$ cat target17.csv   # CSV, C-alpha atoms
chain,number,residue,atom,x,y,z
A,1,MET,CA,61.6,81.0,60.4
A,2,THR,CA,59.3,79.9,63.2
A,3,ARG,CA,59.4,82.2,66.2
A,4,HIS,CA,60.3,80.4,69.5
A,5,THR,CA,57.7,80.9,72.3
A,6,LEU,CA,59.6,82.0,75.4
A,7,ARG,CA,58.9,80.4,78.7
A,8,ALA,CA,58.7,83.0,81.5
A,9,ALA,CA,58.4,82.9,85.2
A,10,VAL,CA,57.5,85.6,87.9
A,11,VAL,CA,59.4,85.7,91.1
A,12,GLY,CA,57.3,87.4,93.8
A,13,LEU,CA,53.5,87.7,93.7
A,14,GLY,CA,53.0,91.0,95.5
A,15,ARG,CA,51.3,93.9,93.7
A,16,MET,CA,53.9,94.3,91.0
A,17,GLY,CA,54.4,90.6,90.5
A,18,ARG,CA,50.6,90.2,89.9
A,19,LEU,CA,50.7,92.9,87.3
A,20,HIS,CA,53.6,91.3,85.5
A,21,ALA,CA,51.8,88.0,85.6
A,22,ARG,CA,48.7,89.6,84.0
A,23,VAL,CA,50.8,91.0,81.2
A,24,LEU,CA,52.8,87.8,80.6
A,25,ARG,CA,49.6,85.7,80.3
A,26,ARG,CA,48.6,87.7,77.2
A,27,LEU,CA,52.0,88.7,75.7
A,28,ASP,CA,52.5,87.5,72.2
A,29,GLY,CA,55.4,85.0,71.9
A,30,VAL,CA,55.6,84.3,75.6
A,31,ASP,CA,54.0,81.6,77.9
A,32,LEU,CA,53.9,82.2,81.7
A,33,VAL,CA,54.9,78.8,82.9
A,34,ALA,CA,55.7,79.2,86.6
A,35,ALA,CA,55.7,81.5,89.7
A,36,VAL,CA,57.9,81.6,92.8
A,37,ASP,CA,56.8,83.0,96.2
A,38,PRO,CA,57.5,81.4,99.5
A,39,ALA,CA,54.4,83.1,101.0
A,40,GLY,CA,52.1,81.4,98.5
A,41,ASP,CA,49.6,82.8,96.1
A,42,LEU,CA,47.2,84.8,98.2
A,43,HIS,CA,45.6,86.6,95.2
A,44,ARG,CA,45.4,83.5,92.8
A,45,ALA,CA,47.8,85.2,90.3
A,46,ALA,CA,49.5,81.9,89.6
A,47,GLU,CA,46.3,80.0,88.9
A,48,GLY,CA,46.8,77.3,86.3
A,49,ILE,CA,50.6,77.3,86.5
A,50,PRO,CA,53.1,75.6,89.0
A,51,LEU,CA,53.8,77.7,92.1
A,52,PHE,CA,57.2,77.1,93.8
A,53,ALA,CA,58.7,78.3,97.1
A,54,ASP,CA,62.3,78.5,95.9
A,55,LEU,CA,64.2,79.5,92.8
A,56,ASP,CA,65.9,76.1,92.3
A,57,ALA,CA,62.7,74.8,90.7
A,58,LEU,CA,63.0,77.2,87.8
A,59,THR,CA,66.3,75.8,86.7
A,60,ASN,CA,64.8,72.3,86.7
A,61,LEU,CA,61.7,73.5,84.9
A,62,GLY,CA,63.7,75.3,82.1
A,63,VAL,CA,62.6,78.9,81.6
A,64,ASP,CA,63.8,81.5,79.1
A,65,TYR,CA,63.5,84.4,81.4
A,66,ALA,CA,62.3,85.6,84.8
A,67,VAL,CA,60.7,88.7,86.2
A,68,LEU,CA,62.1,89.6,89.7
A,69,ALA,CA,59.3,91.4,91.5
A,70,CYS,CA,60.1,90.7,95.1
A,71,PRO,CA,61.0,93.4,97.8
A,72,THR,CA,64.1,95.5,97.0
A,73,LEU,CA,66.1,94.1,99.9
A,74,LEU,CA,65.9,90.6,98.4
A,75,HIS,CA,67.0,91.6,94.9
A,76,GLU,CA,70.7,90.9,95.4
A,77,ALA,CA,70.5,87.3,96.7
A,78,LEU,CA,67.9,86.3,94.1
A,79,ALA,CA,69.3,88.1,91.1
A,80,VAL,CA,72.8,86.7,91.7
A,81,ARG,CA,71.2,83.2,91.7
A,82,LEU,CA,69.3,83.8,88.5
A,83,ALA,CA,72.5,85.1,86.8
A,84,ALA,CA,74.4,82.0,87.9
A,85,ALA,CA,71.6,79.8,86.6
A,86,GLY,CA,71.8,81.5,83.2
A,87,ILE,CA,68.3,83.0,83.3
A,88,PRO,CA,67.8,86.4,81.7
A,89,THR,CA,66.1,88.6,84.2
A,90,LEU,CA,63.9,91.7,84.2
A,91,VAL,CA,64.4,93.2,87.7
A,92,GLU,CA,61.8,95.5,89.1
A,93,LYS,CA,63.2,98.9,90.0
A,94,PRO,CA,65.4,99.8,91.7
A,95,LEU,CA,68.2,97.4,90.9
A,96,ALA,CA,69.1,97.0,94.6
A,97,ALA,CA,68.8,98.6,98.0
A,98,THR,CA,72.5,99.6,98.2
A,99,PRO,CA,75.3,100.4,95.8
A,100,ARG,CA,77.2,97.3,97.1
A,101,ALA,CA,74.3,95.0,96.2
A,102,ALA,CA,73.8,96.8,92.9
A,103,ARG,CA,77.4,96.3,91.8
A,104,ARG,CA,77.3,92.7,92.8
A,105,ILE,CA,74.2,92.1,90.6
A,106,VAL,CA,75.8,94.0,87.6
A,107,ASN,CA,79.0,91.9,88.0
A,108,ALA,CA,77.1,88.6,88.3
A,109,PHE,CA,75.1,89.1,85.0
A,110,HIS,CA,78.2,90.5,83.2
A,111,THR,CA,80.4,87.6,84.3
A,112,ALA,CA,77.8,85.1,83.3
A,113,GLY,CA,77.1,86.8,80.0
A,114,VAL,CA,73.4,86.8,80.8
A,115,PRO,CA,71.1,89.7,79.7
A,116,ALA,CA,69.2,91.6,82.3
A,117,ARG,CA,67.4,94.9,82.6
A,118,VAL,CA,65.7,97.0,85.3
A,119,GLY,CA,62.0,97.8,84.9
A,120,TYR,CA,61.9,101.6,84.9
A,121,ILE,CA,58.4,101.7,83.5
A,122,GLU,CA,58.4,105.5,82.9
A,123,ARG,CA,60.8,104.9,80.0
A,124,PHE,CA,57.7,103.2,78.3
A,125,ASN,CA,55.2,105.9,79.2
A,126,PRO,CA,53.9,107.3,75.9
A,127,ALA,CA,54.1,110.9,77.1
A,128,LEU,CA,57.8,110.6,78.0
A,129,ILE,CA,58.7,108.7,74.9
A,130,ALA,CA,57.2,111.5,72.8
A,131,LEU,CA,58.9,114.1,75.0
A,132,ARG,CA,62.3,112.5,74.6
A,133,ALA,CA,61.9,112.3,70.8
A,134,ARG,CA,61.0,116.0,70.7
A,135,LEU,CA,64.1,116.9,72.8
A,136,GLU,CA,66.2,114.9,70.4
A,137,ASP,CA,64.7,116.8,67.5
A,138,GLY,CA,65.7,120.1,69.1
A,139,GLN,CA,62.2,121.4,69.7
A,140,LEU,CA,63.2,123.2,72.9
A,141,GLY,CA,66.7,124.2,71.8
A,142,ASP,CA,69.1,124.1,74.7
A,143,VAL,CA,67.5,122.5,77.8
A,144,PHE,CA,68.3,124.2,81.1
A,145,GLU,CA,65.8,122.8,83.6
A,146,VAL,CA,63.9,119.6,84.4
A,147,GLY,CA,61.4,119.5,87.2
A,148,THR,CA,59.3,116.6,88.4
A,149,ARG,CA,56.5,116.1,90.9
A,150,ARG,CA,55.5,112.6,92.1
A,151,ALA,CA,53.1,112.6,95.0
A,152,GLY,CA,50.2,110.6,96.4
A,153,PRO,CA,48.9,108.7,99.5
A,154,TYR,CA,51.1,106.2,101.2
A,155,PRO,CA,51.0,102.7,99.6
A,156,ALA,CA,50.7,100.2,102.4
A,157,ARG,CA,52.5,97.6,100.2
A,158,ILE,CA,55.8,99.4,100.7
A,159,THR,CA,57.6,98.5,104.0
A,160,ASP,CA,61.3,98.1,103.2
A,161,VAL,CA,62.3,101.5,101.7
A,162,GLY,CA,61.4,105.2,101.7
A,163,VAL,CA,60.3,107.5,98.9
A,164,ILE,CA,63.9,108.0,97.7
A,165,HIS,CA,64.2,104.4,96.5
A,166,ASP,CA,60.5,103.6,95.9
A,167,LEU,CA,59.4,106.8,94.0
A,168,ALA,CA,62.3,109.2,93.4
A,169,THR,CA,64.3,106.6,91.5
A,170,HIS,CA,61.6,106.8,88.8
A,171,ASP,CA,62.3,110.6,88.5
A,172,LEU,CA,66.0,110.3,88.7
A,173,ASP,CA,66.0,107.7,85.9
A,174,LEU,CA,63.5,109.4,83.6
A,175,THR,CA,65.4,112.7,83.9
A,176,ALA,CA,68.7,111.2,82.8
A,177,TRP,CA,66.9,109.2,80.1
A,178,VAL,CA,64.9,111.9,78.4
A,179,THR,CA,67.8,114.3,78.4
A,180,GLY,CA,70.6,111.8,77.7
A,181,HIS,CA,72.7,113.2,80.5
A,182,PRO,CA,73.6,111.7,83.9
A,183,TYR,CA,73.7,113.4,87.2
A,184,THR,CA,76.9,114.9,88.5
A,185,SER,CA,75.7,116.1,91.9
A,186,ILE,CA,72.6,116.4,94.1
A,187,ALA,CA,71.4,118.2,97.2
A,188,ALA,CA,68.3,117.1,99.2
A,189,ARG,CA,66.1,117.5,102.2
A,190,THR,CA,63.8,114.8,103.6
A,191,ALA,CA,61.0,114.6,106.2
A,192,HIS,CA,59.4,111.8,108.3
A,193,ARG,CA,55.8,112.7,108.8
A,194,SER,CA,54.0,109.3,109.0
A,195,GLY,CA,55.8,107.7,111.9
A,196,ARG,CA,57.6,105.2,109.7
A,197,PRO,CA,61.4,104.6,109.9
A,198,HIS,CA,61.9,105.7,106.3
A,199,GLU,CA,61.5,109.1,104.7
A,200,ASP,CA,58.2,110.0,103.2
A,201,LEU,CA,58.9,113.4,101.7
A,202,LEU,CA,61.8,114.5,99.5
A,203,ALA,CA,62.8,117.7,97.9
A,204,ALA,CA,66.0,117.4,95.8
A,205,LEU,CA,68.0,119.8,93.6
A,206,GLY,CA,70.5,118.2,91.1
A,207,GLN,CA,72.7,119.0,88.2
A,208,LEU,CA,73.4,117.0,85.0
A,209,ASP,CA,76.7,116.8,83.3
A,210,ASP,CA,75.7,119.4,80.7
A,211,GLY,CA,74.8,121.9,83.4
A,212,THR,CA,71.0,121.3,83.3
A,213,ILE,CA,69.4,122.0,86.7
A,214,THR,CA,66.9,119.5,88.0
A,215,HIS,CA,64.4,119.6,90.9
A,216,HIS,CA,62.2,116.9,92.3
A,217,GLN,CA,59.3,116.9,94.7
A,218,VAL,CA,58.4,113.4,95.9
A,219,ASN,CA,56.1,112.3,98.7
A,220,TRP,CA,53.5,109.7,99.6
A,221,ILE,CA,51.7,111.9,102.2
A,222,SER,CA,49.5,113.8,99.8
A,223,PRO,CA,45.9,113.1,99.1
A,224,MET,CA,46.4,114.5,95.6
A,225,LYS,CA,48.1,112.0,93.2
A,226,SER,CA,50.3,113.7,90.6
A,227,ARG,CA,53.0,112.6,88.2
A,228,THR,CA,54.3,115.5,86.2
A,229,THR,CA,57.6,116.2,84.3
A,230,ILE,CA,58.3,119.7,83.0
A,231,VAL,CA,61.3,120.3,80.7
A,232,THR,CA,62.2,123.9,80.0
A,233,GLY,CA,64.5,125.2,77.2
A,234,ASP,CA,65.2,128.1,75.0
A,235,HIS,CA,62.0,127.8,73.0
A,236,GLY,CA,59.5,126.9,75.8
A,237,CYS,CA,58.3,124.0,77.9
A,238,LEU,CA,57.2,120.4,77.4
A,239,VAL,CA,54.9,119.1,80.1
A,240,ALA,CA,54.3,115.4,80.5
A,241,ASP,CA,51.5,114.1,82.7
A,242,THR,CA,52.4,110.4,83.1
A,243,LEU,CA,49.1,109.6,84.8
A,244,THR,CA,47.2,110.4,81.7
A,245,ALA,CA,50.1,110.0,79.2
A,246,ASP,CA,49.4,113.5,77.9
A,247,LEU,CA,52.1,115.8,76.5
A,248,THR,CA,51.7,119.6,76.1
A,249,TYR,CA,54.0,122.2,74.5
A,250,TRP,CA,54.0,125.7,75.9
A,251,ALA,CA,55.9,127.8,73.3
A,252,ASN,CA,57.6,131.1,74.0
A,253,GLY,CA,55.6,133.9,72.6
A,254,ARG,CA,56.4,135.9,69.5
A,255,THR,CA,53.6,138.4,69.7
A,256,PRO,CA,54.7,141.9,70.9
A,257,HIS,CA,52.9,143.4,73.9
A,258,GLU,CA,51.4,146.9,73.9
A,259,TRP,CA,50.8,146.7,77.7
A,260,GLU,CA,53.6,148.6,79.2
A,261,ALA,CA,54.0,146.5,82.3
A,262,LEU,CA,54.4,143.4,80.3
A,263,SER,CA,56.7,145.0,77.7
A,264,ALA,CA,59.1,146.0,80.4
A,265,PHE,CA,59.6,142.3,81.4
A,266,ARG,CA,62.7,141.0,79.8
A,267,GLY,CA,62.0,137.3,80.0
A,268,VAL,CA,59.9,135.2,77.7
A,269,THR,CA,56.2,135.7,77.0
A,270,GLU,CA,53.4,133.2,76.7
A,271,GLY,CA,52.9,131.8,73.2
A,272,ASP,CA,50.8,129.0,71.7
A,273,VAL,CA,49.9,126.0,73.8
A,274,THR,CA,49.6,122.6,72.0
A,275,ARG,CA,48.4,119.3,73.4
A,276,TYR,CA,49.7,116.5,71.3
A,277,ALA,CA,47.7,113.5,70.2
A,278,ILE,CA,50.0,110.5,70.8
A,279,PRO,CA,49.4,106.7,70.7
A,280,LYS,CA,48.9,105.3,74.2
A,281,LYS,CA,50.1,101.7,74.7
A,282,GLU,CA,50.1,100.4,78.3
A,283,PRO,CA,53.6,101.0,79.6
A,284,LEU,CA,54.0,97.6,81.3
A,285,VAL,CA,53.0,95.9,78.1
A,286,ALA,CA,55.6,97.9,76.1
A,287,GLU,CA,58.2,97.2,78.8
A,288,HIS,CA,57.6,93.4,78.4
A,289,GLU,CA,57.6,93.6,74.6
A,290,ALA,CA,61.0,95.3,74.8
A,291,PHE,CA,62.5,92.7,77.1
A,292,ARG,CA,61.1,89.9,75.0
A,293,ASP,CA,62.6,91.5,71.9
A,294,MET,CA,66.0,91.9,73.6
A,295,ILE,CA,66.0,88.1,74.3
A,296,THR,CA,64.9,87.3,70.7
A,297,GLY,CA,67.4,89.7,69.1
A,298,ARG,CA,64.8,92.3,68.0
A,299,ASP,CA,65.5,94.9,70.6
A,300,ARG,CA,64.0,98.4,70.3
A,301,HIS,CA,65.1,99.8,73.6
A,302,PRO,CA,68.9,99.4,74.2
A,303,GLY,CA,70.3,99.7,77.6
A,304,ASP,CA,72.1,97.7,80.3
A,305,LEU,CA,72.4,97.4,84.0
A,306,ARG,CA,75.1,100.1,84.4
A,307,GLY,CA,72.5,102.8,83.9
A,308,ALA,CA,70.4,101.2,86.6
A,309,LEU,CA,73.5,101.1,88.8
A,310,ARG,CA,74.1,104.8,88.2
A,311,ILE,CA,70.5,105.5,89.5
A,312,VAL,CA,71.2,103.5,92.7
A,313,LEU,CA,74.3,105.6,93.2
A,314,THR,CA,72.3,108.8,92.6
A,315,ALA,CA,69.6,107.7,95.0
A,316,HIS,CA,72.2,107.0,97.7
A,317,ALA,CA,73.9,110.3,97.0
A,318,THR,CA,70.4,111.9,97.5
A,319,ALA,CA,70.1,110.1,100.9
A,320,GLU,CA,73.6,111.2,101.9
A,321,ALA,CA,72.9,114.8,100.8
A,322,ALA,CA,69.8,114.8,103.0
A,323,ARG,CA,71.7,113.3,106.0
A,324,THR,CA,74.6,115.7,105.8
A,325,GLY,CA,72.9,118.9,104.4
A,326,THR,CA,75.6,119.0,101.7
A,327,THR,CA,75.7,118.7,97.9
A,328,VAL,CA,77.0,115.2,97.1
A,329,PRO,CA,78.8,114.3,93.8
A,330,ILE,CA,77.7,111.2,92.0
A,331,PRO,CA,80.3,108.4,91.7
A,332,ASP,CA,81.0,107.1,88.2
A,333,PRO,CA,79.6,103.5,88.0
A,334,MET,CA,82.6,102.4,85.9
A,335,THR,CA,85.2,103.4,88.6
A,336,ASP,CA,85.8,102.4,92.1
A,337,GLU,CA,85.1,105.9,93.6
A,338,PRO,CA,83.3,105.3,96.9
A,339,PHE,CA,80.9,107.2,99.0
A,340,SER,CA,82.3,108.1,102.4
A,341,GLY,CA,81.2,106.4,105.6
A,342,SER,CA,78.2,104.1,105.4
A,343,PHE,CA,78.0,104.5,101.7
A,344,ALA,CA,81.4,103.0,100.9
A,345,VAL,CA,81.1,100.8,97.8
A,346,PRO,CA,83.9,98.3,96.9
A,347,VAL,CA,84.1,97.2,93.3
A,348,SER,CA,85.1,94.0,91.7
A,349,THR,CA,86.0,93.9,88.1
A,350,PRO,CA,84.8,90.8,86.1
A,351,GLY,CA,87.7,88.9,84.7

$ encode --input "target17.csv" --output "structure tokens"
Amino acid sequence: MTRHTLRAAVVGLGRMGRLHARVLRRLDGVDLVAAVDPAGDLHRAAEGIPLFADLDALTNLGVDYAVLACPTLLHEALAVRLAAAGIPTLVEKPLAATPRAARRIVNAFHTAGVPARVGYIERFNPALIALRARLEDGQLGDVFEVGTRRAGPYPARITDVGVIHDLATHDLDLTAWVTGHPYTSIAARTAHRSGRPHEDLLAALGQLDDGTITHHQVNWISPMKSRTTIVTGDHGCLVADTLTADLTYWANGRTPHEWEALSAFRGVTEGDVTRYAIPKKEPLVAEHEAFRDMITGRDRHPGDLRGALRIVLTAHATAEAARTGTTVPIPDPMTDEPFSGSFAVPVSTPG
């Protein structure tokens, strides 16, 4: 059977759109045939292909899928149009800027019967893929803590959201993904240090539905760039550095101490430390391969938009927790349970 070459388009030619275009130009089984950006192509990412100012041209051109890489506040309007046009869509994270918008996108694709996913690229980081597999194999035994740190200088390209939606959604998603458990509640504190209207520092403390405690430090006011995930369980810790895609195992010690001060300590002791050699494919390439395979029926990474909706709900609970100084429960995305006040989210159920 001859494999059909998919015709793909990129909507938005900012930094992420240009990265997606680069990958699509060399992705096996896919042709990049068009781009959409009303601001034009300032960086010549669309060289050699048609560039349009509006989505309507894609329906006339005939594309098999689109990558939506525009600012988050535009996701709702454009994603709903893509769903109505029957175009499978890979949406850059997060799904939307608000729970209301996220629910509308989910309903639009569900009603239309059109496949879609959100590009949480950390799910394709080799270190986190290996970490998740080892958790599933029981290497750590019972997991009781997940900690993440995501910090670095302010990216001038981000103007419409703060660190909760731009950065923390990565950590909220990867934590639920590697453990296989959603959040049930979260508490948080934020700070505004750079003079911008959105928060630029976050410290959050959450709990998953199996009782696992999570903590997240996120900022874009640090000169030191770091991307670290530490999972602690009965048998030790797994540490993933997603900048270098390295995974290290710190085992609980089994060797008895003769040093009296250490012997008196009733916790664990330091054991062997192992740094694993793992294959390292570029995460964005792996993400596109998975989406291509979903469309062609050879999917290796199952998932749907409801998980991405849950992360939007968790992100907004984080913002609400920081605003109120309280611990906020996470609504179930499959129910109509709303946030109070400005976070109220009506739900419509597809017929």

$ closest_atom_pairs --input "target17.csv" --of "stretch 216-240 of chain A" --to "stretch 195-211 of chain A" --cutoff "8 Å" --atoms "all atoms listed in the file" --output "CSV"
residue,atom,partner,partner_atom,distance
A:His216,CA,A:Ala204,CA,5.2
A:Gln217,CA,A:Ala203,CA,4.8
A:Val218,CA,A:Leu202,CA,5.1
A:Asn219,CA,A:Leu201,CA,4.2
A:Trp220,CA,A:Asp200,CA,5.9
A:Ile221,CA,A:Asp200,CA,6.8

$ residues_around --input "target17.csv" --residues "A:Ala112" --least-positions-apart "3" --cutoff "9 Å" --atoms "all atoms listed in the file" --output "PyMOL selection string"
chain A and resi 83-86+107-109+115

$ atom_distance --input "target17.csv" --atom1 "atom CA of A:Arg15" --atom2 "atom CA of A:Thr169"
18.3 Å

$ residues_around --input "target17.csv" --residues "A:Thr326" --least-positions-apart "2" --cutoff "9 Å" --atoms "all atoms listed in the file" --output "list in words"
Ile186, Ala187, Ala188, Glu320, Ala321, Ala322, Arg323, Thr324 and Val328 of chain A

$ write_last_selection --input "target17.csv" --atoms "C-alpha atoms" --output "PDB file, in the coordinates of the input"
ATOM      1  CA  ILE A 186      72.600 116.400  94.100  1.00  0.00           C
ATOM      2  CA  ALA A 187      71.400 118.200  97.200  1.00  0.00           C
ATOM      3  CA  ALA A 188      68.300 117.100  99.200  1.00  0.00           C
ATOM      4  CA  GLU A 320      73.600 111.200 101.900  1.00  0.00           C
ATOM      5  CA  ALA A 321      72.900 114.800 100.800  1.00  0.00           C
ATOM      6  CA  ALA A 322      69.800 114.800 103.000  1.00  0.00           C
ATOM      7  CA  ARG A 323      71.700 113.300 106.000  1.00  0.00           C
ATOM      8  CA  THR A 324      74.600 115.700 105.800  1.00  0.00           C
ATOM      9  CA  VAL A 328      77.000 115.200  97.100  1.00  0.00           C
TER      10      VAL A 328
END

$ residues_near_point --input "target17.csv" --point "(58.2, 97.8, 76.8)" --cutoff "9 Å" --atoms "all atoms listed in the file" --output "PyMOL selection string"
chain A and resi 119+121+123-125+282-292+300-301

$ closest_residue --input "target17.csv" --among "A:Gly297, A:Gly236, A:Gly17, A:Pro38" --to "A:Asp272" --atoms "only C-alpha atoms"
A:Gly236

$ closest_residue --input "target17.csv" --among "A:Thr184, A:Asn252, A:Leu131, A:Thr327" --to "A:Tyr276" --atoms "only C-alpha atoms"
A:Leu131

$ atom_distance --input "target17.csv" --atom1 "atom CA of A:Thr214" --atom2 "atom CA of A:Gln139"
19.0 Å

$ atom_distance --input "target17.csv" --atom1 "atom CA of A:Ile330" --atom2 "atom CA of A:Ala317"
6.3 Å

$ closest_residue --input "target17.csv" --among "A:Gly162, A:Gly180, A:Pro223, A:Gly12" --to "A:Val91" --atoms "only C-alpha atoms"
A:Gly12

$ residues_around --input "target17.csv" --residues "A:Ala101" --least-positions-apart "4" --cutoff "10 Å" --atoms "only C-alpha atoms" --output "PyMOL selection string"
chain A and resi 73-77+79-80+95-97+105-107+309+312+345

$ closest_residue --input "target17.csv" --among "A:Val268, A:Leu243, A:Ala35, A:Leu42" --to "A:Ala127" --atoms "only C-alpha atoms"
A:Leu243

$ closest_residue --input "target17.csv" --among "A:Val30, A:Val273, A:Ala21, A:Leu128" --to "A:Thr296" --atoms "all atoms listed in the file"
A:Val30

$ closest_residue --input "target17.csv" --among "A:Ala39, A:Val239, A:Val178, A:Ile311" --to "A:Leu135" --atoms "only C-alpha atoms"
A:Val178

$ residues_around --input "target17.csv" --residues "A:Gly233" --least-positions-apart "6" --cutoff "12 Å" --atoms "only C-alpha atoms" --output "list in words"
Arg134, Leu135, Gly138, Gln139, Leu140, Gly141, Asp142, Val143, Phe144, Glu145, Val146, Gly147, Thr179, Thr212, Ile213, Val239, Tyr249, Trp250, Ala251, Asn252 and Val268 of chain A

$ write_last_selection --input "target17.csv" --atoms "C-alpha atoms" --output "PDB file, in the coordinates of the input"
ATOM      1  CA  ARG A 134      61.000 116.000  70.700  1.00  0.00           C
ATOM      2  CA  LEU A 135      64.100 116.900  72.800  1.00  0.00           C
ATOM      3  CA  GLY A 138      65.700 120.100  69.100  1.00  0.00           C
ATOM      4  CA  GLN A 139      62.200 121.400  69.700  1.00  0.00           C
ATOM      5  CA  LEU A 140      63.200 123.200  72.900  1.00  0.00           C
ATOM      6  CA  GLY A 141      66.700 124.200  71.800  1.00  0.00           C
ATOM      7  CA  ASP A 142      69.100 124.100  74.700  1.00  0.00           C
ATOM      8  CA  VAL A 143      67.500 122.500  77.800  1.00  0.00           C
ATOM      9  CA  PHE A 144      68.300 124.200  81.100  1.00  0.00           C
ATOM     10  CA  GLU A 145      65.800 122.800  83.600  1.00  0.00           C
ATOM     11  CA  VAL A 146      63.900 119.600  84.400  1.00  0.00           C
ATOM     12  CA  GLY A 147      61.400 119.500  87.200  1.00  0.00           C
ATOM     13  CA  THR A 179      67.800 114.300  78.400  1.00  0.00           C
ATOM     14  CA  THR A 212      71.000 121.300  83.300  1.00  0.00           C
ATOM     15  CA  ILE A 213      69.400 122.000  86.700  1.00  0.00           C
ATOM     16  CA  VAL A 239      54.900 119.100  80.100  1.00  0.00           C
ATOM     17  CA  TYR A 249      54.000 122.200  74.500  1.00  0.00           C
ATOM     18  CA  TRP A 250      54.000 125.700  75.900  1.00  0.00           C
ATOM     19  CA  ALA A 251      55.900 127.800  73.300  1.00  0.00           C
ATOM     20  CA  ASN A 252      57.600 131.100  74.000  1.00  0.00           C
ATOM     21  CA  VAL A 268      59.900 135.200  77.700  1.00  0.00           C
TER      22      VAL A 268
END

$ residues_around --input "target17.csv" --residues "A:Tyr65" --least-positions-apart "6" --cutoff "7 Å" --atoms "only C-alpha atoms" --output "list in words"
Arg7, Ala8, Ala9, Ile87, Pro88 and Thr89 of chain A

$ decode --input "target17.csv" --residues "stretch 173-209 of chain A" --atoms "C-alpha atoms" --output "compact mmCIF listing (two decimals), in the first residue's frame"
# COMPACT_ATOMS: atom_id res chain seq x y z
CA ASP A 173 1.31 18.53 32.18
CA LEU A 174 4.52 16.52 32.48
CA THR A 175 3.87 15.80 36.17
CA ALA A 176 0.41 14.38 35.48
CA TRP A 177 1.77 12.54 32.41
CA VAL A 178 4.80 10.81 33.96
CA THR A 179 2.86 9.75 37.05
CA GLY A 180 -0.42 8.92 35.32
CA HIS A 181 -2.35 10.89 37.95
CA PRO A 182 -4.19 14.25 37.60
CA TYR A 183 -4.08 17.10 40.08
CA THR A 184 -6.83 17.41 42.67
CA SER A 185 -5.75 20.69 44.30
CA ILE A 186 -3.08 23.37 44.19
CA ALA A 187 -1.78 26.30 46.24
CA ALA A 188 0.48 29.02 44.86
CA ARG A 189 2.29 32.31 45.28
CA THR A 190 3.33 34.62 42.46
CA ALA A 191 5.44 37.77 42.10
CA HIS A 192 5.72 40.59 39.57
CA ARG A 193 9.34 41.72 39.44
CA SER A 194 9.87 42.88 35.84
CA GLY A 195 7.26 45.63 35.61
CA ARG A 196 5.02 43.65 33.25
CA PRO A 197 1.27 43.14 33.85
CA HIS A 198 1.66 39.35 34.13
CA GLU A 199 3.34 37.29 36.84
CA ASP A 200 6.98 36.39 36.24
CA LEU A 201 7.63 34.12 39.24
CA LEU A 202 5.61 31.20 40.58
CA ALA A 203 5.96 28.83 43.50
CA ALA A 204 3.22 26.18 43.57
CA LEU A 205 2.39 23.24 45.83
CA GLY A 206 -0.05 20.65 44.51
CA GLN A 207 -1.49 17.21 45.19
CA LEU A 208 -2.34 14.42 42.74
CA ASP A 209 -5.28 12.07 43.07
